[in-house]
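Text of model-v4.txt, listed as compact mmCIF, C-alpha atoms and all ligand atoms:
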# COMPACT_ATOMS: atom_id res chain seq x y z
CA MET J 1282 6.79 -80.43 -43.99
CA ASN J 1283 4.11 -78.75 -46.03
CA GLN J 1284 2.14 -80.67 -48.59
CA ILE J 1285 3.18 -80.46 -52.20
CA LEU J 1286 0.52 -78.62 -54.20
CA ILE J 1287 2.09 -78.75 -57.62
CA GLU J 1288 5.02 -80.71 -58.93
CA ALA J 1289 6.80 -80.65 -62.27
CA LYS J 1290 8.88 -83.61 -63.39
CA ASP J 1291 11.43 -83.04 -66.13
CA LEU J 1292 9.26 -80.61 -68.06
CA LYS J 1293 10.24 -79.75 -71.60
CA MET J 1294 8.71 -77.45 -74.17
CA TYR J 1295 10.37 -77.53 -77.56
CA PHE J 1296 8.81 -75.27 -80.20
CA PRO J 1297 9.56 -76.42 -83.75
CA ILE J 1298 11.19 -73.86 -86.04
CA LYS J 1299 9.53 -74.20 -89.45
CA LYS J 1300 11.42 -73.27 -92.61
CA GLY J 1301 10.63 -72.98 -96.33
CA VAL J 1302 7.40 -73.43 -98.25
CA ILE J 1303 6.85 -77.00 -97.13
CA LYS J 1304 7.39 -75.86 -93.54
CA ARG J 1305 9.91 -78.49 -92.65
CA THR J 1306 11.16 -78.51 -89.07
CA ALA J 1307 14.61 -76.96 -89.12
CA GLY J 1308 15.24 -77.17 -85.38
CA TYR J 1309 13.68 -76.46 -82.04
CA ILE J 1310 13.47 -73.58 -79.62
CA LYS J 1311 14.07 -75.21 -76.27
CA ALA J 1312 11.93 -72.80 -74.27
CA VAL J 1313 11.85 -75.09 -71.23
CA ASP J 1314 14.45 -77.81 -71.12
CA GLY J 1315 14.10 -80.29 -68.28
CA ILE J 1316 12.63 -78.50 -65.27
CA SER J 1317 11.66 -80.36 -62.10
CA LEU J 1318 10.30 -78.48 -59.13
CA LYS J 1319 7.90 -78.69 -56.23
CA VAL J 1320 5.62 -75.94 -55.01
CA TYR J 1321 4.33 -76.34 -51.47
CA GLU J 1322 0.87 -75.48 -50.26
CA GLY J 1323 0.67 -71.89 -49.01
CA GLU J 1324 4.11 -70.81 -50.17
CA SER J 1325 5.10 -68.19 -52.64
CA LEU J 1326 7.66 -69.23 -55.23
CA GLY J 1327 9.30 -66.50 -57.28
CA ILE J 1328 10.61 -67.38 -60.74
CA VAL J 1329 13.09 -64.93 -62.28
CA GLY J 1330 15.10 -64.83 -65.46
CA GLU J 1331 15.83 -62.68 -68.48
CA SER J 1332 13.36 -62.20 -71.31
CA GLY J 1333 13.11 -65.43 -73.30
CA SER J 1334 14.37 -67.69 -70.52
CA GLY J 1335 11.09 -69.64 -70.58
CA LYS J 1336 9.27 -68.29 -67.51
CA SER J 1337 5.87 -67.79 -69.13
CA THR J 1338 6.07 -71.11 -70.95
CA LEU J 1339 6.83 -72.83 -67.65
CA GLY J 1340 3.93 -71.00 -65.97
CA ARG J 1341 1.50 -72.04 -68.69
CA MET J 1342 2.58 -75.66 -68.49
CA LEU J 1343 2.24 -75.73 -64.69
CA MET J 1344 -1.34 -74.51 -65.13
CA SER J 1345 -2.00 -77.00 -67.90
CA LEU J 1346 -2.78 -74.21 -70.33
CA GLN J 1347 -0.14 -75.73 -72.56
CA ASN J 1348 0.89 -79.36 -72.84
CA PRO J 1349 4.59 -80.07 -72.42
CA THR J 1350 6.60 -81.71 -75.18
CA ASP J 1351 7.79 -84.05 -72.48
CA GLY J 1352 7.52 -84.46 -68.73
CA ASP J 1353 4.54 -84.18 -66.41
CA VAL J 1354 2.77 -81.86 -64.00
CA TYR J 1355 1.02 -83.15 -60.87
CA PHE J 1356 -1.56 -81.24 -58.85
CA HIS J 1357 -2.06 -82.75 -55.41
CA GLY J 1358 -0.40 -85.88 -56.72
CA GLU J 1359 -2.70 -86.21 -59.73
CA ARG J 1360 -1.31 -85.89 -63.21
CA ILE J 1361 -2.84 -82.89 -64.98
CA SER J 1362 -0.58 -82.71 -68.03
CA HIS J 1363 -1.49 -84.44 -71.28
CA LEU J 1364 -5.19 -84.50 -70.37
CA SER J 1365 -8.10 -83.55 -72.61
CA ASN J 1366 -9.71 -80.16 -72.09
CA ARG J 1367 -12.71 -81.82 -70.52
CA LYS J 1368 -10.63 -83.74 -68.00
CA VAL J 1369 -8.50 -80.77 -67.07
CA ARG J 1370 -11.44 -78.38 -66.56
CA PRO J 1371 -12.16 -79.32 -62.92
CA TYR J 1372 -8.56 -78.44 -62.04
CA ARG J 1373 -8.70 -75.10 -63.86
CA ARG J 1374 -10.91 -73.68 -61.15
CA ASP J 1375 -8.15 -74.30 -58.62
CA MET J 1376 -5.52 -72.51 -60.67
CA GLN J 1377 -5.80 -68.99 -61.96
CA MET J 1378 -3.43 -66.68 -63.74
CA VAL J 1379 -2.89 -62.95 -63.38
CA PHE J 1380 -1.25 -61.46 -66.44
CA GLN J 1381 1.25 -58.70 -67.00
CA ASP J 1382 -0.88 -56.38 -69.05
CA PRO J 1383 -4.07 -55.31 -67.31
CA TYR J 1384 -5.04 -53.43 -70.48
CA ALA J 1385 -4.91 -56.42 -72.78
CA SER J 1386 -6.21 -59.10 -70.42
CA LEU J 1387 -9.62 -57.53 -69.71
CA ASN J 1388 -12.18 -57.53 -72.52
CA PRO J 1389 -12.98 -53.81 -73.01
CA ARG J 1390 -16.56 -54.51 -74.04
CA MET J 1391 -17.47 -56.29 -70.82
CA SER J 1392 -18.49 -54.44 -67.68
CA ILE J 1393 -16.56 -55.16 -64.50
CA GLY J 1394 -19.56 -57.10 -63.21
CA GLU J 1395 -19.61 -59.28 -66.33
CA LEU J 1396 -15.87 -59.80 -66.17
CA LEU J 1397 -16.05 -61.00 -62.57
CA GLU J 1398 -19.10 -63.18 -63.11
CA GLU J 1399 -17.88 -64.89 -66.26
CA PRO J 1400 -15.66 -67.43 -64.43
CA LEU J 1401 -18.55 -68.15 -62.05
CA LEU J 1402 -20.77 -68.97 -65.02
CA VAL J 1403 -18.12 -71.11 -66.70
CA HIS J 1404 -17.50 -73.16 -63.57
CA LYS J 1405 -21.12 -73.04 -62.40
CA THR J 1406 -19.94 -72.36 -58.87
CA VAL J 1407 -22.66 -69.85 -57.99
CA LYS J 1408 -26.22 -70.62 -58.99
CA THR J 1409 -28.35 -67.49 -59.10
CA LYS J 1410 -27.86 -64.07 -60.69
CA ALA J 1411 -28.25 -62.33 -57.34
CA GLU J 1412 -25.62 -64.56 -55.74
CA ARG J 1413 -23.24 -63.89 -58.60
CA LYS J 1414 -23.68 -60.14 -58.22
CA GLN J 1415 -23.12 -60.39 -54.49
CA LYS J 1416 -19.96 -62.40 -55.03
CA ALA J 1417 -18.66 -59.90 -57.61
CA GLU J 1418 -19.29 -56.98 -55.26
CA ASP J 1419 -17.55 -58.80 -52.40
CA LEU J 1420 -14.55 -59.43 -54.64
CA LEU J 1421 -14.38 -55.76 -55.60
CA GLU J 1422 -14.24 -54.79 -51.95
CA LYS J 1423 -11.59 -57.44 -51.24
CA VAL J 1424 -9.28 -55.85 -53.80
CA GLY J 1425 -9.93 -52.32 -52.59
CA LEU J 1426 -12.43 -51.12 -55.20
CA SER J 1427 -15.91 -49.77 -54.60
CA LYS J 1428 -19.11 -51.70 -55.27
CA GLN J 1429 -20.03 -49.00 -57.78
CA SER J 1430 -17.27 -50.30 -60.03
CA TYR J 1431 -19.63 -53.17 -60.89
CA ASN J 1432 -21.33 -51.28 -63.74
CA LYS J 1433 -18.24 -49.58 -65.09
CA TYR J 1434 -15.94 -50.63 -67.94
CA PRO J 1435 -12.17 -51.32 -67.94
CA HIS J 1436 -11.27 -48.02 -69.68
CA GLU J 1437 -12.66 -46.08 -66.70
CA PHE J 1438 -9.88 -47.43 -64.46
CA SER J 1439 -6.17 -46.75 -64.05
CA GLY J 1440 -3.53 -49.43 -64.65
CA GLY J 1441 -3.24 -50.30 -60.98
CA GLN J 1442 -7.03 -50.50 -60.60
CA ARG J 1443 -7.31 -52.72 -63.66
CA GLN J 1444 -4.75 -55.06 -62.18
CA ARG J 1445 -6.90 -55.17 -59.03
CA ILE J 1446 -9.80 -56.20 -61.27
CA GLY J 1447 -7.60 -58.88 -62.85
CA ILE J 1448 -6.80 -60.17 -59.36
CA ALA J 1449 -10.48 -60.13 -58.33
CA ARG J 1450 -11.32 -62.10 -61.46
CA ALA J 1451 -8.64 -64.65 -60.64
CA LEU J 1452 -10.02 -64.99 -57.11
CA SER J 1453 -13.61 -65.51 -58.25
CA THR J 1454 -13.32 -69.30 -58.54
CA ASN J 1455 -11.75 -69.67 -55.07
CA PRO J 1456 -8.47 -71.00 -56.49
CA ARG J 1457 -5.71 -72.72 -54.48
CA LEU J 1458 -2.95 -71.48 -56.77
CA ILE J 1459 -2.40 -68.18 -58.50
CA VAL J 1460 0.31 -67.81 -61.11
CA GLY J 1461 1.20 -64.17 -61.55
CA ASP J 1462 3.04 -63.68 -64.84
CA GLU J 1463 4.81 -60.37 -64.25
CA PRO J 1464 1.64 -58.94 -62.70
CA VAL J 1465 3.18 -55.61 -61.73
CA SER J 1466 5.76 -55.08 -64.50
CA ALA J 1467 3.51 -52.76 -66.51
CA LEU J 1468 2.66 -50.55 -63.52
CA ASP J 1469 4.37 -47.41 -62.20
CA VAL J 1470 6.85 -48.19 -59.45
CA SER J 1471 4.72 -46.35 -56.87
CA ILE J 1472 1.71 -48.50 -57.76
CA GLN J 1473 3.71 -51.76 -57.90
CA SER J 1474 4.18 -51.98 -54.16
CA GLN J 1475 0.48 -51.31 -53.50
CA VAL J 1476 -0.53 -54.19 -55.76
CA LEU J 1477 2.17 -56.45 -54.28
CA ASN J 1478 0.97 -55.66 -50.76
CA LEU J 1479 -2.59 -56.42 -51.79
CA MET J 1480 -1.52 -59.77 -53.22
CA LYS J 1481 0.35 -60.58 -50.04
CA ASP J 1482 -2.70 -59.77 -47.89
CA LEU J 1483 -4.98 -61.83 -50.13
CA GLN J 1484 -2.57 -64.75 -49.95
CA GLU J 1485 -2.90 -64.80 -46.20
CA GLU J 1486 -6.64 -64.32 -46.17
CA PHE J 1487 -7.42 -67.01 -48.74
CA LYS J 1488 -4.49 -69.36 -47.95
CA LEU J 1489 -3.29 -69.10 -51.52
CA THR J 1490 -0.20 -70.59 -53.09
CA TYR J 1491 1.64 -68.23 -55.43
CA ILE J 1492 3.97 -68.68 -58.31
CA PHE J 1493 5.24 -65.24 -59.04
CA ILE J 1494 7.08 -64.64 -62.31
CA ALA J 1495 9.31 -61.60 -62.82
CA HIS J 1496 12.46 -60.71 -64.72
CA ASP J 1497 13.71 -58.59 -61.86
CA LEU J 1498 14.91 -60.00 -58.54
CA SER J 1499 13.86 -56.88 -56.66
CA VAL J 1500 10.17 -57.41 -57.52
CA VAL J 1501 9.98 -60.94 -56.13
CA LYS J 1502 12.04 -60.19 -53.03
CA HIS J 1503 9.09 -58.89 -51.07
CA ILE J 1504 6.56 -61.52 -51.99
CA SER J 1505 8.52 -64.80 -52.27
CA ASP J 1506 9.42 -67.47 -49.73
CA ARG J 1507 11.64 -69.24 -52.23
CA VAL J 1508 13.10 -68.10 -55.51
CA ALA J 1509 14.07 -70.05 -58.64
CA VAL J 1510 16.43 -68.49 -61.16
CA MET J 1511 16.04 -69.53 -64.80
CA TYR J 1512 18.54 -69.33 -67.60
CA LEU J 1513 17.77 -70.57 -71.14
CA GLY J 1514 14.97 -72.93 -70.16
CA LYS J 1515 16.60 -74.38 -67.05
CA ILE J 1516 16.61 -73.66 -63.36
CA VAL J 1517 20.18 -72.78 -62.37
CA GLU J 1518 19.50 -72.11 -58.69
CA ILE J 1519 16.60 -72.45 -56.28
CA ALA J 1520 16.65 -71.60 -52.59
CA ARG J 1521 14.89 -69.91 -49.73
CA LYS J 1522 14.75 -66.19 -50.34
CA GLU J 1523 17.15 -65.23 -47.53
CA ASP J 1524 19.77 -67.71 -48.73
CA LEU J 1525 19.42 -66.72 -52.35
CA TYR J 1526 19.75 -62.99 -51.75
CA GLU J 1527 22.40 -63.17 -49.04
CA ALA J 1528 24.53 -66.04 -50.26
CA PRO J 1529 23.85 -66.71 -53.95
CA LEU J 1530 25.88 -69.62 -55.32
CA HIS J 1531 25.46 -69.51 -59.07
CA PRO J 1532 27.56 -66.87 -60.89
CA TYR J 1533 24.45 -65.86 -62.85
CA THR J 1534 22.43 -65.29 -59.67
CA GLN J 1535 25.37 -63.39 -58.20
CA ALA J 1536 25.35 -61.08 -61.23
CA LEU J 1537 21.58 -60.56 -61.04
CA ILE J 1538 21.79 -59.75 -57.34
CA SER J 1539 24.61 -57.31 -57.85
CA ALA J 1540 22.29 -55.41 -60.19
CA VAL J 1541 19.49 -55.04 -57.61
CA PRO J 1542 19.64 -51.47 -56.28
CA SER J 1543 20.38 -51.53 -52.58
CA THR J 1544 18.06 -49.61 -50.29
CA ASP J 1545 20.91 -49.33 -47.79
CA VAL J 1546 23.18 -46.52 -49.02
CA THR J 1547 26.04 -47.62 -46.76
CA ILE J 1548 26.36 -50.86 -48.71
CA GLN J 1549 28.41 -50.35 -51.83
CA LYS J 1550 27.98 -53.44 -53.91
CA GLU J 1551 30.25 -54.17 -56.78
CA LYS J 1552 28.20 -54.66 -59.90
CA ILE J 1553 29.10 -57.82 -61.77
CA ALA J 1554 28.78 -57.14 -65.48
CA LEU J 1555 27.84 -60.09 -67.64
CA LYS J 1556 29.70 -60.26 -70.91
CA GLY J 1557 27.88 -60.85 -74.17
CA GLU J 1558 24.25 -61.35 -75.04
CA LEU J 1559 21.81 -64.02 -73.94
CA PRO J 1560 22.35 -66.88 -76.44
CA SER J 1561 19.38 -68.08 -78.49
CA PRO J 1562 17.32 -70.92 -77.00
CA ALA J 1563 17.31 -72.36 -80.55
CA ASN J 1564 21.04 -72.89 -80.28
CA PRO J 1565 22.08 -72.97 -76.64
CA PRO J 1566 25.81 -73.33 -75.83
CA ARG J 1567 27.10 -76.84 -75.18
CA GLY J 1568 27.99 -77.89 -71.67
CA CYS J 1569 26.79 -75.30 -69.18
CA ALA J 1570 24.52 -72.93 -71.12
CA PHE J 1571 25.86 -70.02 -69.08
CA HIS J 1572 29.54 -70.67 -69.86
CA THR J 1573 29.74 -68.06 -72.64
CA ARG J 1574 29.02 -65.29 -70.12
CA CYS J 1575 30.40 -66.73 -66.90
CA PRO J 1576 33.27 -64.96 -65.10
CA HIS J 1577 34.38 -68.30 -63.59
CA VAL J 1578 34.27 -70.45 -66.73
CA HIS J 1579 36.70 -73.36 -66.91
CA ASP J 1580 37.25 -76.22 -69.36
CA ARG J 1581 34.72 -78.59 -67.88
CA CYS J 1582 31.92 -76.01 -68.28
CA ARG J 1583 32.33 -76.02 -72.05
CA THR J 1584 31.61 -79.72 -72.44
CA GLU J 1585 29.75 -81.07 -69.44
CA GLN J 1586 26.29 -79.91 -68.44
CA PRO J 1587 26.00 -79.32 -64.69
CA GLN J 1588 23.02 -80.92 -62.93
CA LEU J 1589 20.83 -79.13 -60.42
CA VAL J 1590 21.94 -80.62 -57.09
CA GLU J 1591 21.31 -79.85 -53.44
CA TYR J 1592 24.47 -78.10 -52.26
CA LYS J 1593 23.10 -77.05 -48.89
CA GLU J 1594 19.82 -77.76 -47.21
CA ASP J 1595 17.01 -76.41 -49.43
CA HIS J 1596 19.54 -74.77 -51.69
CA MET J 1597 20.04 -76.27 -55.14
CA VAL J 1598 22.48 -75.09 -57.76
CA ALA J 1599 23.56 -76.24 -61.22
CA CYS J 1600 27.20 -75.18 -61.48
CA HIS J 1601 30.51 -77.04 -61.72
CA LEU J 1602 32.03 -74.80 -59.04
CA TYR J 1603 30.05 -76.88 -56.58
CA THR J 1604 30.37 -80.39 -58.00
CA GLU J 1605 33.18 -82.88 -58.03
CA PRO J 1606 34.36 -83.97 -61.48
CA GLU J 1607 32.91 -87.34 -62.43
CA VAL J 1608 35.16 -90.25 -61.60
CA ARG J 1609 36.00 -91.94 -64.85
CA MET J 1610 35.88 -95.72 -64.81
CA ASP J 1611 38.21 -96.28 -67.80
N1 LIG S 1 4.19 -70.38 -79.08
C1 LIG S 1 5.50 -70.27 -79.30
N2 LIG S 1 6.03 -70.66 -80.48
C2 LIG S 1 7.35 -70.55 -80.72
N3 LIG S 1 8.25 -70.08 -79.83
C3 LIG S 1 7.78 -69.66 -78.65
C4 LIG S 1 6.38 -69.73 -78.31
N4 LIG S 1 6.21 -69.24 -77.05
C5 LIG S 1 7.44 -68.90 -76.61
N5 LIG S 1 8.38 -69.14 -77.56
C6 LIG S 1 9.84 -68.93 -77.43
O1 LIG S 1 10.26 -69.63 -76.25
C7 LIG S 1 11.23 -68.89 -75.55
C8 LIG S 1 10.75 -68.65 -74.12
O2 LIG S 1 9.63 -67.79 -74.16
P1 LIG S 1 8.83 -67.29 -72.86
O3 LIG S 1 7.77 -66.39 -73.32
O4 LIG S 1 8.47 -68.48 -72.06
O5 LIG S 1 9.97 -66.49 -72.10
P2 LIG S 1 9.84 -65.49 -70.85
O6 LIG S 1 10.93 -65.87 -69.92
O7 LIG S 1 8.46 -65.49 -70.35
O8 LIG S 1 10.19 -64.10 -71.52
P3 LIG S 1 9.61 -62.62 -71.16
O9 LIG S 1 10.38 -62.16 -69.95
O10 LIG S 1 9.97 -61.83 -72.37
O11 LIG S 1 8.15 -62.74 -70.93
C9 LIG S 1 11.46 -67.61 -76.35
O12 LIG S 1 12.58 -67.80 -77.18
C10 LIG S 1 10.19 -67.49 -77.17
O13 LIG S 1 10.45 -66.81 -78.36
MG MG S 2 6.99 -64.03 -70.15
Do you think you could lay out the structure here as structure tokens?
Ligand SMILES: Nc1ncnc2c1ncn2[C@@H]1O[C@H](COP(=O)(O)OP(=O)(O)OP(=O)(O)O)[C@@H](O)[C@H]1O
Ligand SMILES: [Mg+2]
Amino acid sequence: MNQILIEAKDLKMYFPIKKGVIKRTAGYIKAVDGISLKVYEGESLGIVGESGSGKSTLGRMLMSLQNPTDGDVYFHGERISHLSNRKVRPYRRDMQMVFQDPYASLNPRMSIGELLEEPLLVHKTVKTKAERKQKAEDLLEKVGLSKQSYNKYPHEFSGGQRQRIGIARALSTNPRLIVGDEPVSALDVSIQSQVLNLMKDLQEEFKLTYIFIAHDLSVVKHISDRVAVMYLGKIVEIARKEDLYEAPLHPYTQALISAVPSTDVTIQKEKIALKGELPSPANPPRGCAFHTRCPHVHDRCRTEQPQLVEYKEDHMVACHLYTEPEVRMD
């Protein structure tokens, strides 16, 4: 079995909702509500879910960019949540994030060289100016850009090229883990697969571990070994990619998969339409949070929250269709 690189134990992030002039707390947005997961060294874990399901919040907590309301994150067995900035800094080098918007995430006033060298200066990993320049030029080549890009500025590049720069910047500290928060969502479909292929190649070359966030199952299909599906701050299913795409268990995953366009025209999938809107994470439904939209809802789902349990080997699901009712002792 591979080593665990990062582990989350019962992570919660509740954002207070402030009301009125005295800003009293009127409730909480449960952005992440009790997530436990393990990410193994060298694997690629996809995290999918609709907008607002808590994916980015989870990603930020795993990287210790945000402290959880409750629960803990461990990196190589060491707790990295609830630490001071100073104590968490040594771990930051090992974990880098690639963001969705390559336009917003690169400072337009910095040259590409400065952008790539900044993390090296912060972490003091490379000593001299000449070494830093060499490293920046090497990184540019690794992501398929020319050395001449070094003196240029972000606006001189296309979206796909800027995302390559974002990836080079993330690589500059020799991280173990890269969290990609929808790194290709803002790019044209034709460019998406180029950037995904690049990320896959770099993963192999640098033995990286990936957490890859997307709202669309088709994007993570190519790059993930395992996939976790989120709904209203919880993981409802997590499995190896093949199992999840070929034999999804949770009705929500089944609906998401039915919406993925098939590349095989001979397969006519029936699209499962979900009724209603995504409920607010400030006021999630009782029982199973998905029950208001579930085609298989039954009485128990309205009152009792299903736990995420291992239904088959390496395949966990949180759904009453797969659990026995609790034996009452009264
Ligand atoms: N700093 C914050 N303060 C208050 N609420 C927040 C904050 N950050 C996120 N939220 C809320 O938490 C919930 C989850 O947000 P998050 O950004 O993690 O979702 P997401 O799955 O990444 O969505 P998207 O696909 O749109 O990026 C949302 O309801 C969001 O409005
Ligand atoms: Mg997000």
Computed interatomic separation between CA of Leu1426 (chain J) and CA of Phe1438 (chain J) (Å):
10.3 Å
Counting all atoms listed in the file, what are the residues, protein, DNA or RNA alike, that approach ligand LIG 1 (chain S) to within 6 Å? I want them as a list of chain:residue names.
J:Phe1296, J:Ala1312, J:Glu1331, J:Ser1332, J:Gly1333, J:Ser1334, J:Gly1335, J:Lys1336, J:Ser1337, J:Thr1338, J:His1496, J:Pro1562
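Ranking J:Ala1570, J:Ala1451, J:Ala1467, J:Cys1600 by their shortest atom-to-atom distance to Glu1518 (chain J), with only C-alpha atoms included, puts J:Cys1600 first.
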Using only the atoms of region 1527-1541 of chain J listed in the file, plus 5 Å on each side, state the axis-aligned box centre and edge lengths in Å rounded to one decimal, as JSON.
{"center_x": 23.5, "center_y": -62.3, "center_z": -55.9, "size_x": 18.1, "size_y": 24.6, "size_z": 23.8}
Interface rows for region 1389-1478 of chain J against region 1498-1512 of chain J: nearest pair, Å to one decimal, 9 Å, only C-alpha atoms, as a tab-separated table:
residue	atom	partner	partner_atom	distance
J:Val1465	CA	J:Val1500	CA	8.4
J:Ser1466	CA	J:Val1500	CA	8.6
J:Gln1473	CA	J:Val1500	CA	8.6
J:Ser1474	CA	J:Val1500	CA	8.8
J:Leu1477	CA	J:Ile1504	CA	7.1
J:Asn1478	CA	J:Ile1504	CA	8.2
